[in-house]
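File shown here: structure16.cif, holding mmCIF, C-alpha atoms.
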```
data_entry
loop_
_atom_site.group_PDB
_atom_site.id
_atom_site.type_symbol
_atom_site.label_atom_id
_atom_site.label_comp_id
_atom_site.auth_asym_id
_atom_site.auth_seq_id
_atom_site.Cartn_x
_atom_site.Cartn_y
_atom_site.Cartn_z
ATOM 1 C CA MET A 19 26.268 -27.046 161.333
ATOM 2 C CA VAL A 20 25.950 -29.991 158.962
ATOM 3 C CA ASN A 21 25.361 -33.128 160.982
ATOM 4 C CA THR A 22 26.069 -36.288 159.024
ATOM 5 C CA SER A 23 26.312 -38.763 161.883
ATOM 6 C CA ARG A 24 22.840 -38.720 163.397
ATOM 7 C CA PHE A 25 19.685 -40.413 162.243
ATOM 8 C CA ILE A 26 17.031 -38.028 160.991
ATOM 9 C CA HIS A 27 14.895 -38.397 164.107
ATOM 10 C CA GLU A 28 17.890 -37.442 166.298
ATOM 11 C CA LEU A 29 18.470 -34.058 164.693
ATOM 12 C CA GLU A 30 17.967 -31.008 166.888
ATOM 13 C CA PRO A 31 17.137 -27.360 166.120
ATOM 14 C CA GLY A 32 20.124 -25.796 164.413
ATOM 15 C CA ASP A 33 21.314 -29.058 162.851
ATOM 16 C CA GLU A 34 21.667 -29.118 159.098
ATOM 17 C CA CYS A 35 21.652 -31.944 156.595
ATOM 18 C CA ALA A 36 24.208 -32.182 153.812
ATOM 19 C CA PRO A 37 23.195 -30.028 150.832
ATOM 20 C CA LEU A 38 22.114 -31.405 147.495
ATOM 21 C CA ASN A 39 23.302 -29.947 144.196
ATOM 22 C CA TYR A 40 21.321 -30.719 141.068
ATOM 23 C CA SER A 41 20.044 -29.361 137.805
ATOM 24 C CA VAL A 42 17.077 -30.493 135.765
ATOM 25 C CA SER A 43 17.631 -31.703 132.227
ATOM 26 C CA ALA A 44 14.945 -31.515 129.554
ATOM 27 C CA GLU A 45 14.648 -35.317 129.757
ATOM 28 C CA LEU A 46 14.096 -35.400 133.519
ATOM 29 C CA ASN A 47 11.619 -32.546 133.214
ATOM 30 C CA GLN A 48 9.639 -34.464 130.599
ATOM 31 C CA GLN A 49 9.678 -37.555 132.814
ATOM 32 C CA PHE A 50 7.888 -35.513 135.471
ATOM 33 C CA LEU A 51 5.497 -34.061 132.894
ATOM 34 C CA PHE A 52 4.485 -37.661 132.172
ATOM 35 C CA ALA A 53 4.226 -38.445 135.899
ATOM 36 C CA GLN A 54 1.888 -35.497 136.363
ATOM 37 C CA GLU A 55 0.138 -35.683 132.952
ATOM 38 C CA ASP A 56 0.923 -32.007 132.601
ATOM 39 C CA PHE A 57 2.307 -31.121 129.173
ATOM 40 C CA ASP A 58 1.912 -27.342 129.292
ATOM 41 C CA LYS A 59 4.164 -25.802 126.670
ATOM 42 C CA CYS A 60 5.933 -23.628 129.230
ATOM 43 C CA TYR A 61 7.694 -26.800 130.408
ATOM 44 C CA ILE A 62 8.586 -27.964 126.900
ATOM 45 C CA GLU A 63 9.186 -24.981 124.633
ATOM 46 C CA GLU A 64 11.415 -21.964 124.734
ATOM 47 C CA ILE A 65 9.114 -18.943 125.048
ATOM 48 C CA ASN A 66 10.343 -15.408 124.268
ATOM 49 C CA GLY A 67 13.928 -16.578 124.604
ATOM 50 C CA ARG A 68 13.334 -18.171 127.992
ATOM 51 C CA PRO A 69 14.203 -21.896 128.262
ATOM 52 C CA PRO A 70 11.475 -24.272 129.386
ATOM 53 C CA LEU A 71 10.500 -24.018 133.040
ATOM 54 C CA VAL A 72 11.237 -26.764 135.535
ATOM 55 C CA HIS A 73 7.975 -28.441 136.542
ATOM 56 C CA PRO A 74 7.145 -27.404 140.144
ATOM 57 C CA THR A 75 6.753 -31.039 141.172
ATOM 58 C CA ILE A 76 10.499 -31.512 140.725
ATOM 59 C CA LEU A 77 11.208 -28.669 143.153
ATOM 60 C CA LEU A 78 8.851 -30.339 145.655
ATOM 61 C CA GLN A 79 10.455 -33.732 145.146
ATOM 62 C CA MET A 80 14.046 -32.572 145.465
ATOM 63 C CA ALA A 81 13.265 -30.603 148.648
ATOM 64 C CA ALA A 82 12.237 -33.771 150.523
ATOM 65 C CA ASP A 83 14.507 -34.500 153.496
ATOM 66 C CA THR A 84 15.164 -37.941 152.026
ATOM 67 C CA ARG A 85 17.095 -36.260 149.200
ATOM 68 C CA SER A 86 19.899 -35.015 151.420
ATOM 69 C CA PRO A 87 23.093 -37.071 150.966
ATOM 70 C CA SER A 88 23.338 -37.323 154.771
ATOM 71 C CA TYR A 89 19.767 -38.527 155.297
ATOM 72 C CA LYS A 90 19.705 -41.604 157.563
ATOM 73 C CA LEU A 91 16.582 -43.329 158.820
ATOM 74 C CA ALA A 92 17.092 -45.554 161.837
ATOM 75 C CA PRO A 93 16.222 -49.224 161.280
ATOM 76 C CA GLY A 94 12.701 -49.975 162.403
ATOM 77 C CA THR A 95 11.711 -46.320 162.219
ATOM 78 C CA GLY A 96 9.169 -44.786 159.896
ATOM 79 C CA SER A 97 9.065 -41.166 158.787
ATOM 80 C CA ILE A 98 5.771 -39.347 158.212
ATOM 81 C CA LEU A 99 5.393 -35.986 156.529
ATOM 82 C CA ALA A 100 2.527 -34.523 158.527
ATOM 83 C CA LYS A 101 2.392 -31.156 156.788
ATOM 84 C CA ALA A 102 4.284 -29.161 154.172
ATOM 85 C CA ASP A 103 4.365 -25.401 153.644
ATOM 86 C CA GLU A 104 5.753 -24.135 150.353
ATOM 87 C CA GLU A 105 6.730 -20.794 148.887
ATOM 88 C CA PHE A 106 7.483 -20.365 145.207
ATOM 89 C CA LEU A 107 9.803 -17.383 144.921
ATOM 90 C CA GLN A 108 11.254 -17.417 141.402
ATOM 91 C CA PRO A 109 10.641 -19.434 138.250
ATOM 92 C CA VAL A 110 13.371 -21.950 137.476
ATOM 93 C CA THR A 111 14.428 -22.929 133.954
ATOM 94 C CA ILE A 112 15.889 -26.244 132.918
ATOM 95 C CA GLY A 113 19.663 -26.488 133.150
ATOM 96 C CA THR A 114 19.879 -24.033 136.076
ATOM 97 C CA PRO A 115 22.268 -25.293 138.789
ATOM 98 C CA LEU A 116 20.343 -25.556 142.060
ATOM 99 C CA THR A 117 21.332 -26.241 145.669
ATOM 100 C CA VAL A 118 19.016 -27.451 148.428
ATOM 101 C CA ASN A 119 19.943 -26.822 152.065
ATOM 102 C CA TRP A 120 18.057 -28.389 154.955
ATOM 103 C CA ARG A 121 17.975 -27.059 158.507
ATOM 104 C CA VAL A 122 15.981 -28.156 161.568
ATOM 105 C CA THR A 123 14.341 -25.017 162.920
ATOM 106 C CA GLY A 124 12.248 -26.359 165.740
ATOM 107 C CA THR A 125 10.322 -29.134 167.398
ATOM 108 C CA TYR A 126 6.878 -29.321 168.969
ATOM 109 C CA GLU A 127 4.424 -31.723 170.549
ATOM 110 C CA LYS A 128 0.919 -32.199 169.241
ATOM 111 C CA ARG A 129 -1.638 -34.785 170.343
ATOM 112 C CA GLY A 130 1.054 -36.842 172.023
ATOM 113 C CA ARG A 131 3.386 -36.935 169.001
ATOM 114 C CA HIS A 132 6.760 -35.260 168.635
ATOM 115 C CA TYR A 133 7.332 -33.241 165.449
ATOM 116 C CA HIS A 134 10.444 -31.844 163.813
ATOM 117 C CA VAL A 135 10.224 -28.710 161.663
ATOM 118 C CA MET A 136 12.771 -28.730 158.852
ATOM 119 C CA VAL A 137 13.191 -25.948 156.309
ATOM 120 C CA ALA A 138 14.492 -26.822 152.846
ATOM 121 C CA GLU A 139 15.707 -23.827 150.844
ATOM 122 C CA THR A 140 16.499 -24.133 147.152
ATOM 123 C CA THR A 141 18.808 -21.512 145.671
ATOM 124 C CA ASN A 142 20.044 -21.005 142.115
ATOM 125 C CA ASP A 143 23.607 -20.422 140.929
ATOM 126 C CA GLN A 144 23.191 -16.689 141.575
ATOM 127 C CA GLY A 145 22.464 -17.433 145.225
ATOM 128 C CA ALA A 146 18.845 -16.360 144.866
ATOM 129 C CA LEU A 147 16.244 -18.247 146.853
ATOM 130 C CA VAL A 148 13.832 -19.807 144.352
ATOM 131 C CA PHE A 149 11.805 -22.191 146.521
ATOM 132 C CA ARG A 150 11.288 -22.845 150.220
ATOM 133 C CA ARG A 151 9.601 -25.908 151.666
ATOM 134 C CA THR A 152 8.933 -26.307 155.391
ATOM 135 C CA LEU A 153 8.462 -29.917 156.425
ATOM 136 C CA HIS A 154 6.647 -31.006 159.583
ATOM 137 C CA LEU A 155 7.963 -34.505 160.243
ATOM 138 C CA THR A 156 7.124 -37.115 162.815
ATOM 139 C CA PHE A 157 8.727 -40.490 163.321
ATOM 140 C CA ASN A 158 7.381 -43.778 164.607
ATOM 141 C CA ARG A 159 8.855 -47.041 165.632
ATOM 142 C CA ARG A 160 7.474 -49.736 163.375
ATOM 143 C CA GLN A 161 6.057 -52.862 164.985
ATOM 144 C CA ARG A 162 8.032 -55.976 164.073
ATOM 145 C CA SER A 163 5.733 -58.814 163.000
ATOM 146 C CA MET B 169 -7.999 -16.904 129.369
ATOM 147 C CA ARG B 170 -7.419 -15.628 132.898
ATOM 148 C CA GLU B 171 -9.897 -16.799 135.532
ATOM 149 C CA GLN B 172 -11.981 -14.176 137.391
ATOM 150 C CA LEU B 173 -11.339 -15.522 140.917
ATOM 151 C CA ASN B 174 -14.446 -14.296 142.709
ATOM 152 C CA GLU B 175 -14.981 -15.378 146.319
ATOM 153 C CA GLY B 176 -16.895 -18.641 146.465
ATOM 154 C CA GLN B 177 -15.971 -19.739 142.950
ATOM 155 C CA GLU B 178 -14.831 -23.331 142.616
ATOM 156 C CA PHE B 179 -12.438 -24.804 140.090
ATOM 157 C CA SER B 180 -11.376 -28.348 139.237
ATOM 158 C CA GLY B 181 -8.306 -29.829 137.647
ATOM 159 C CA PRO B 182 -8.420 -32.871 135.372
ATOM 160 C CA LEU B 183 -9.527 -36.204 136.832
ATOM 161 C CA ARG B 184 -6.637 -38.613 136.409
ATOM 162 C CA CYS B 185 -5.467 -42.050 137.395
ATOM 163 C CA LEU B 186 -2.316 -42.517 139.465
ATOM 164 C CA SER B 187 -1.221 -45.538 137.500
ATOM 165 C CA LYS B 188 1.841 -47.634 138.207
ATOM 166 C CA ALA B 189 3.637 -46.025 135.272
ATOM 167 C CA ARG B 190 3.011 -42.494 136.528
ATOM 168 C CA ILE B 191 4.016 -43.416 140.076
ATOM 169 C CA LEU B 192 7.239 -45.008 138.845
ATOM 170 C CA ALA B 193 7.952 -41.961 136.684
ATOM 171 C CA LEU B 194 7.875 -39.698 139.726
ATOM 172 C CA SER B 195 9.312 -41.924 142.426
ATOM 173 C CA GLY B 196 11.573 -44.358 140.608
ATOM 174 C CA GLY B 197 14.426 -41.962 139.910
ATOM 175 C CA ALA B 198 15.808 -40.853 136.568
ATOM 176 C CA LEU B 199 14.958 -43.153 133.668
ATOM 177 C CA GLY B 200 18.082 -44.692 132.259
ATOM 178 C CA SER B 201 19.885 -44.873 135.599
ATOM 179 C CA ALA B 202 21.309 -48.297 136.381
ATOM 180 C CA GLU B 203 19.223 -48.643 139.557
ATOM 181 C CA TRP B 204 15.872 -47.723 137.996
ATOM 182 C CA PRO B 205 13.396 -48.049 139.495
ATOM 183 C CA ARG B 206 14.780 -46.991 142.857
ATOM 184 C CA LYS B 207 13.271 -49.123 145.613
ATOM 185 C CA ASN B 208 11.139 -47.207 148.083
ATOM 186 C CA LEU B 209 7.651 -47.402 149.531
ATOM 187 C CA HIS B 210 6.223 -45.898 146.345
ATOM 188 C CA THR B 211 7.786 -48.382 143.939
ATOM 189 C CA ASP B 212 8.449 -51.618 145.810
ATOM 190 C CA ALA B 213 6.009 -53.927 147.619
ATOM 191 C CA ALA B 214 8.633 -55.113 150.125
ATOM 192 C CA LYS B 215 9.603 -51.559 151.068
ATOM 193 C CA ALA B 216 5.931 -50.660 151.411
ATOM 194 C CA ALA B 217 5.425 -53.666 153.697
ATOM 195 C CA GLU B 218 8.392 -52.554 155.840
ATOM 196 C CA ALA B 219 6.550 -49.267 156.322
ATOM 197 C CA GLY B 220 3.405 -51.117 157.367
ATOM 198 C CA LEU B 221 1.568 -50.607 154.083
ATOM 199 C CA PRO B 222 -0.347 -53.346 152.237
ATOM 200 C CA ALA B 223 0.972 -52.103 148.870
ATOM 201 C CA PRO B 224 3.084 -49.279 147.400
ATOM 202 C CA ILE B 225 1.516 -45.834 147.602
ATOM 203 C CA ALA B 226 1.773 -42.789 145.389
ATOM 204 C CA SER B 227 3.946 -40.011 146.758
ATOM 205 C CA GLY B 228 1.873 -37.215 148.269
ATOM 206 C CA ILE B 229 3.788 -34.939 145.931
ATOM 207 C CA GLN B 230 1.749 -36.261 143.007
ATOM 208 C CA CYS B 231 -1.480 -34.871 144.485
ATOM 209 C CA GLU B 232 0.357 -31.753 145.612
ATOM 210 C CA GLY B 233 1.581 -31.323 142.049
ATOM 211 C CA ASP B 234 -1.987 -31.588 140.751
ATOM 212 C CA ILE B 235 -3.028 -28.844 143.172
ATOM 213 C CA VAL B 236 -0.110 -26.652 142.064
ATOM 214 C CA ARG B 237 -1.108 -27.195 138.419
ATOM 215 C CA LEU B 238 -4.608 -25.933 139.209
ATOM 216 C CA LEU B 239 -3.185 -22.934 141.082
ATOM 217 C CA ILE B 240 -0.991 -22.042 138.106
ATOM 218 C CA ARG B 241 -4.123 -22.093 135.966
ATOM 219 C CA LEU B 242 -5.782 -19.660 138.395
ATOM 220 C CA PHE B 243 -2.829 -17.330 138.889
ATOM 221 C CA ASP B 244 -0.821 -17.849 135.705
ATOM 222 C CA GLU B 245 2.939 -17.392 135.966
ATOM 223 C CA ARG B 246 2.607 -15.157 139.028
ATOM 224 C CA TRP B 247 2.392 -18.432 140.952
ATOM 225 C CA PHE B 248 6.097 -19.110 140.251
ATOM 226 C CA SER B 249 7.114 -15.920 142.102
ATOM 227 C CA HIS B 250 4.355 -15.361 144.649
ATOM 228 C CA GLY B 251 2.706 -18.697 145.271
ATOM 229 C CA LYS B 252 2.271 -20.099 148.782
ATOM 230 C CA LEU B 253 0.795 -23.472 149.624
ATOM 231 C CA SER B 254 0.291 -25.458 152.799
ATOM 232 C CA VAL B 255 -0.922 -29.061 152.604
ATOM 233 C CA THR B 256 -1.611 -32.104 154.727
ATOM 234 C CA HIS B 257 -1.864 -35.585 153.265
ATOM 235 C CA ARG B 258 -4.811 -37.271 154.927
ATOM 236 C CA ARG B 259 -4.641 -40.776 153.570
ATOM 237 C CA PRO B 260 -2.402 -42.936 151.416
ATOM 238 C CA VAL B 261 -3.206 -43.196 147.733
ATOM 239 C CA PHE B 262 -2.696 -46.605 146.169
ATOM 240 C CA GLU B 263 -1.856 -47.387 142.566
ATOM 241 C CA GLY B 264 -4.872 -47.139 140.289
ATOM 242 C CA THR B 265 -6.679 -44.479 142.332
ATOM 243 C CA TRP B 266 -8.353 -41.678 140.388
ATOM 244 C CA VAL B 267 -7.806 -38.196 141.852
ATOM 245 C CA GLN B 268 -8.819 -34.652 141.052
ATOM 246 C CA ALA B 269 -7.522 -31.341 142.364
ATOM 247 C CA ARG B 270 -10.149 -28.830 143.487
ATOM 248 C CA ALA B 271 -10.038 -25.217 144.644
ATOM 249 C CA ARG B 272 -12.462 -22.752 146.210
ATOM 250 C CA VAL B 273 -11.667 -19.026 146.156
ATOM 251 C CA GLY B 274 -11.790 -17.329 149.560
ATOM 252 C CA ALA B 275 -11.420 -13.747 150.696
ATOM 253 C CA SER B 276 -8.710 -11.388 149.480
ATOM 254 C CA THR B 277 -6.358 -9.331 151.580
ATOM 255 C CA ALA B 278 -4.257 -6.298 150.756
ATOM 256 C CA SER B 279 -0.469 -6.292 150.786
ATOM 257 C CA ASP B 280 2.398 -4.168 149.516
ATOM 258 C CA ALA B 281 2.715 -6.518 146.540
ATOM 259 C CA GLY B 282 -0.947 -6.185 145.664
ATOM 260 C CA GLU B 283 -4.181 -7.990 146.387
ATOM 261 C CA ILE B 284 -3.591 -11.490 147.770
ATOM 262 C CA VAL B 285 -6.216 -14.081 146.933
ATOM 263 C CA HIS B 286 -6.659 -16.948 149.406
ATOM 264 C CA VAL B 287 -7.810 -20.342 148.179
ATOM 265 C CA GLU B 288 -8.902 -23.566 149.838
ATOM 266 C CA VAL B 289 -7.447 -26.520 147.980
ATOM 267 C CA TRP B 290 -7.860 -30.241 148.105
ATOM 268 C CA CYS B 291 -7.435 -33.404 146.092
ATOM 269 C CA GLU B 292 -10.251 -35.941 146.139
ATOM 270 C CA THR B 293 -11.296 -39.261 144.659
ATOM 271 C CA PRO B 294 -14.498 -39.659 142.599
ATOM 272 C CA GLU B 295 -16.068 -40.989 145.821
ATOM 273 C CA LYS B 296 -15.261 -37.595 147.427
ATOM 274 C CA ASP B 297 -12.620 -39.022 149.760
ATOM 275 C CA ILE B 298 -10.213 -36.182 150.436
ATOM 276 C CA VAL B 299 -6.619 -37.393 150.176
ATOM 277 C CA THR B 300 -4.817 -34.039 150.387
ATOM 278 C CA VAL B 301 -6.107 -30.774 151.825
ATOM 279 C CA GLY B 302 -4.693 -27.315 152.367
ATOM 280 C CA THR B 303 -4.681 -23.607 151.701
ATOM 281 C CA ALA B 304 -2.943 -21.454 149.128
ATOM 282 C CA SER B 305 -2.470 -17.798 148.311
ATOM 283 C CA CYS B 306 -0.990 -15.698 145.556
ATOM 284 C CA VAL B 307 -0.939 -12.121 144.384
ATOM 285 C CA ARG B 308 -3.739 -11.434 141.933
ATOM 286 C CA GLU B 309 -2.492 -10.243 138.591
ATOM 287 C CA ARG B 310 -3.041 -6.531 138.254
ATOM 288 C CA HIS B 311 -5.563 -5.421 135.678
ATOM 289 C CA THR B 312 -4.099 -4.153 132.441
ATOM 290 C CA TYR B 313 -4.615 -0.553 131.407
ATOM 291 C CA GLN B 314 -7.103 -1.693 128.748
ATOM 292 C CA GLU B 315 -9.200 -3.579 131.301
ATOM 293 C CA VAL B 316 -9.321 -0.614 133.671
ATOM 294 C CA SER B 317 -10.262 1.734 130.814
ATOM 295 C CA LYS B 318 -13.041 -0.610 129.702
ATOM 296 C CA GLU B 319 -14.443 -0.763 133.234
ATOM 297 C CA LEU B 320 -14.498 3.010 133.494
ATOM 298 C CA THR B 321 -16.388 3.600 130.228
#
```
Kindly transcribe the structure held in the file into structure tokens.
Amino acid sequence: MVNTSRFIHELEPGDECAPLNYSVSAELNQQFLFAQEDFDKCYIEEINGRPPLVHPTILLQMAADTRSPSYKLAPGTGSILAKADEEFLQPVTIGTPLTVNWRVTGTYEKRGRHYHVMVAETTNDQGALVFRRTLHLTFNRRQRS
Amino acid sequence: MREQLNEGQEFSGPLRCLSKARILALSGGALGSAEWPRKNLHTDAAKAAEAGLPAPIASGIQCEGDIVRLLIRLFDERWFSHGKLSVTHRRPVFEGTWVQARARVGASTASDAGEIVHVEVWCETPEKDIVTVGTASCVRERHTYQEVSKELT
């Protein structure tokens, strides 16, 4: 169930964040090629009739929990990405409509800290899963100076 | 040319500087948007201070992206369909830091999809400080008929 009222640290297993719909234009793709200094032609040119590929960094970026339209961080709280697990399942070409869905799948304690496990699944307009990112998040209360 | 990927082999990506321009390009939002650059702990000193940081830091995704680039070099386009990566960001990376992705080939395991090659990966500074560390795996590209024939003769 999509939960849009709670702060991110309040989400429980089974809660979902609002999905994000996006597609990557050639311009945005090239912006990320500059960010990563990676100008491989597969991201720029059409090869054998296939449009340029979306740079993988964009898939990583757009799967961050902060990208959900319902993402809310409580004032005075910091969010730390402790670990990320990723699976690349299908190549994505520029212009492909994509949807990211986020779901909290579990929580655990480690070395005195509480962690949330959130799975972000990116699907294309055919409903095929193209990328999955599992985020291990922990939150801290920031000290006020 | 495809890499051989023998156990113990090490590979390096290009050494590069995470400059302010490159950090803004990744974390500032789409160029041309009215709000560019978007204010967050990667682009704005005040937001970084709110998070307890002395200065803005590069997103961990930039080092992750460097590692993925190296893995694509090792596994070619099979990475886009069979690539798996798990990373931990060990320390913040500030603007102006030079970083380099590295990989060390580990053992292979069999699967229904083919031979899976396991790789240790990390991103380090020239001083050998490890900023991102993890493991990766991907299906090794099957030999072509010509390669198998050559090996048999």
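Counting only C-alpha atoms and comparing A:Tyr126, A:Pro69, A:Val20, A:Ala36, the residue that lies closest to A:Thr84 is A:Ala36.
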Once the PyMOL selection byres ((chain A and resi 51) around 10) is applied to the coordinates I shared, what remains selected? I want it as a ChimeraX atom specification. /A:45-50,52-58,61-62,72-76 /B:190,193-194
Starting from the displayed file, determine the output of the PyMOL selection byres ((chain B) within 6 of (chain A)) and express the residue list as a list in words.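 Evaluating the PyMOL selection byres ((chain B) within 6 of (chain A)) on this file yields Arg190, Ala193, Leu194, Gly233, Phe248, Ser249, His250, Gly251, Lys252, Leu253, Ser254, Val255 and Thr256 of chain B.
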Fewer than 2 positions away in the same chain doesn't count, so skip those; otherwise give me all residues within 12 Å of B:Pro205, counting all atoms listed in the file, as a ChimeraX atom specification. /B:188-189,191-203,207-212
Using only C-alpha atoms, please write the residues we just selected to a file, as a PDB file, in the coordinates of the input.
```pdb
ATOM      1  CA  LYS B 188       1.841 -47.634 138.207  1.00  0.00           C
ATOM      2  CA  ALA B 189       3.637 -46.025 135.272  1.00  0.00           C
ATOM      3  CA  ILE B 191       4.016 -43.416 140.076  1.00  0.00           C
ATOM      4  CA  LEU B 192       7.239 -45.008 138.845  1.00  0.00           C
ATOM      5  CA  ALA B 193       7.952 -41.961 136.684  1.00  0.00           C
ATOM      6  CA  LEU B 194       7.875 -39.698 139.726  1.00  0.00           C
ATOM      7  CA  SER B 195       9.312 -41.924 142.426  1.00  0.00           C
ATOM      8  CA  GLY B 196      11.573 -44.358 140.608  1.00  0.00           C
ATOM      9  CA  GLY B 197      14.426 -41.962 139.910  1.00  0.00           C
ATOM     10  CA  ALA B 198      15.808 -40.853 136.568  1.00  0.00           C
ATOM     11  CA  LEU B 199      14.958 -43.153 133.668  1.00  0.00           C
ATOM     12  CA  GLY B 200      18.082 -44.692 132.259  1.00  0.00           C
ATOM     13  CA  SER B 201      19.885 -44.873 135.599  1.00  0.00           C
ATOM     14  CA  ALA B 202      21.309 -48.297 136.381  1.00  0.00           C
ATOM     15  CA  GLU B 203      19.223 -48.643 139.557  1.00  0.00           C
ATOM     16  CA  LYS B 207      13.271 -49.123 145.613  1.00  0.00           C
ATOM     17  CA  ASN B 208      11.139 -47.207 148.083  1.00  0.00           C
ATOM     18  CA  LEU B 209       7.651 -47.402 149.531  1.00  0.00           C
ATOM     19  CA  HIS B 210       6.223 -45.898 146.345  1.00  0.00           C
ATOM     20  CA  THR B 211       7.786 -48.382 143.939  1.00  0.00           C
ATOM     21  CA  ASP B 212       8.449 -51.618 145.810  1.00  0.00           C
TER      22      ASP B 212
END
```
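For the residues A:Glu127, A:Asp83, A:Glu139, A:Gln144, ranking by smallest atom-to-atom distance to A:Leu29 using only C-alpha atoms places A:Asp83 first.
The two atoms in question, atom CA of B:Thr300 and atom CA of B:Arg258, are spaced 5.6 Å apart.
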Result set, the PyMOL selection byres ((chain B and resi 184) around 6) on current file, as number ranges by chain: B: 183, 185, 266-267
Looking at B:Glu245, B:Asp234, B:Glu178, B:Glu263, which one is nearest to B:Arg308, with distances taken over only C-alpha atoms? B:Glu245
In Å, rounded to a single decimal, give me how far atom CA of A:Thr123 is from atom CA of A:Val135. 5.7 Å
Interatomic distance (Å, one decimal) between atom CA of B:Asn174 and atom CA of B:His286: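 Value for the atom CA of B:Asn174-atom CA of B:His286 distance: 10.6 Å.
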From the set B:Cys306, B:Val299, B:Ala275, B:Ala281, which residue has the shortest atom-to-atom contact distance to B:Gly176, counting only C-alpha atoms?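 Answer, going by the shortest atom-to-atom distance: B:Ala275.
Distances here use all atoms listed in the file; by that measure, the residue among A:Tyr40, A:Phe157, A:Trp120, A:Tyr89 closest to A:Met19 is A:Trp120.
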Please write out, as AutoDock Vina command-line options, where the centre of an axis-aligned box around all listed atoms of stretch 89-93 of chain A lies and how long its edges are, in Å to one decimal, after adding 5 Å on each side.
```
--center_x 18.0 --center_y -43.9 --center_z 158.6 --size_x 13.5 --size_y 20.7 --size_z 16.5
```
Write out as a list of chain:residue names which residues come within 12 Å of stretch 31-33 of chain A when counting all atoms listed in the file, dropping same-chain ones fewer than 3 positions away. A:Met19, A:Val20, A:Asn21, A:Thr22, A:Ser23, A:Arg24, A:Phe25, A:Ile26, A:His27, A:Glu28, A:Ala36, A:Ser88, A:Asn119, A:Trp120, A:Arg121, A:Val122, A:Thr123, A:Gly124, A:Thr125, A:Tyr126, A:Tyr133, A:His134, A:Val135, A:Met136, A:Val137
For B:Leu238, the nearest of the candidates B:Glu175, B:Glu288, B:Asp297, B:Glu218, counting all atoms listed in the file: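 Looking only at the distances to B:Leu238, the closest residue turns out to be B:Glu288.
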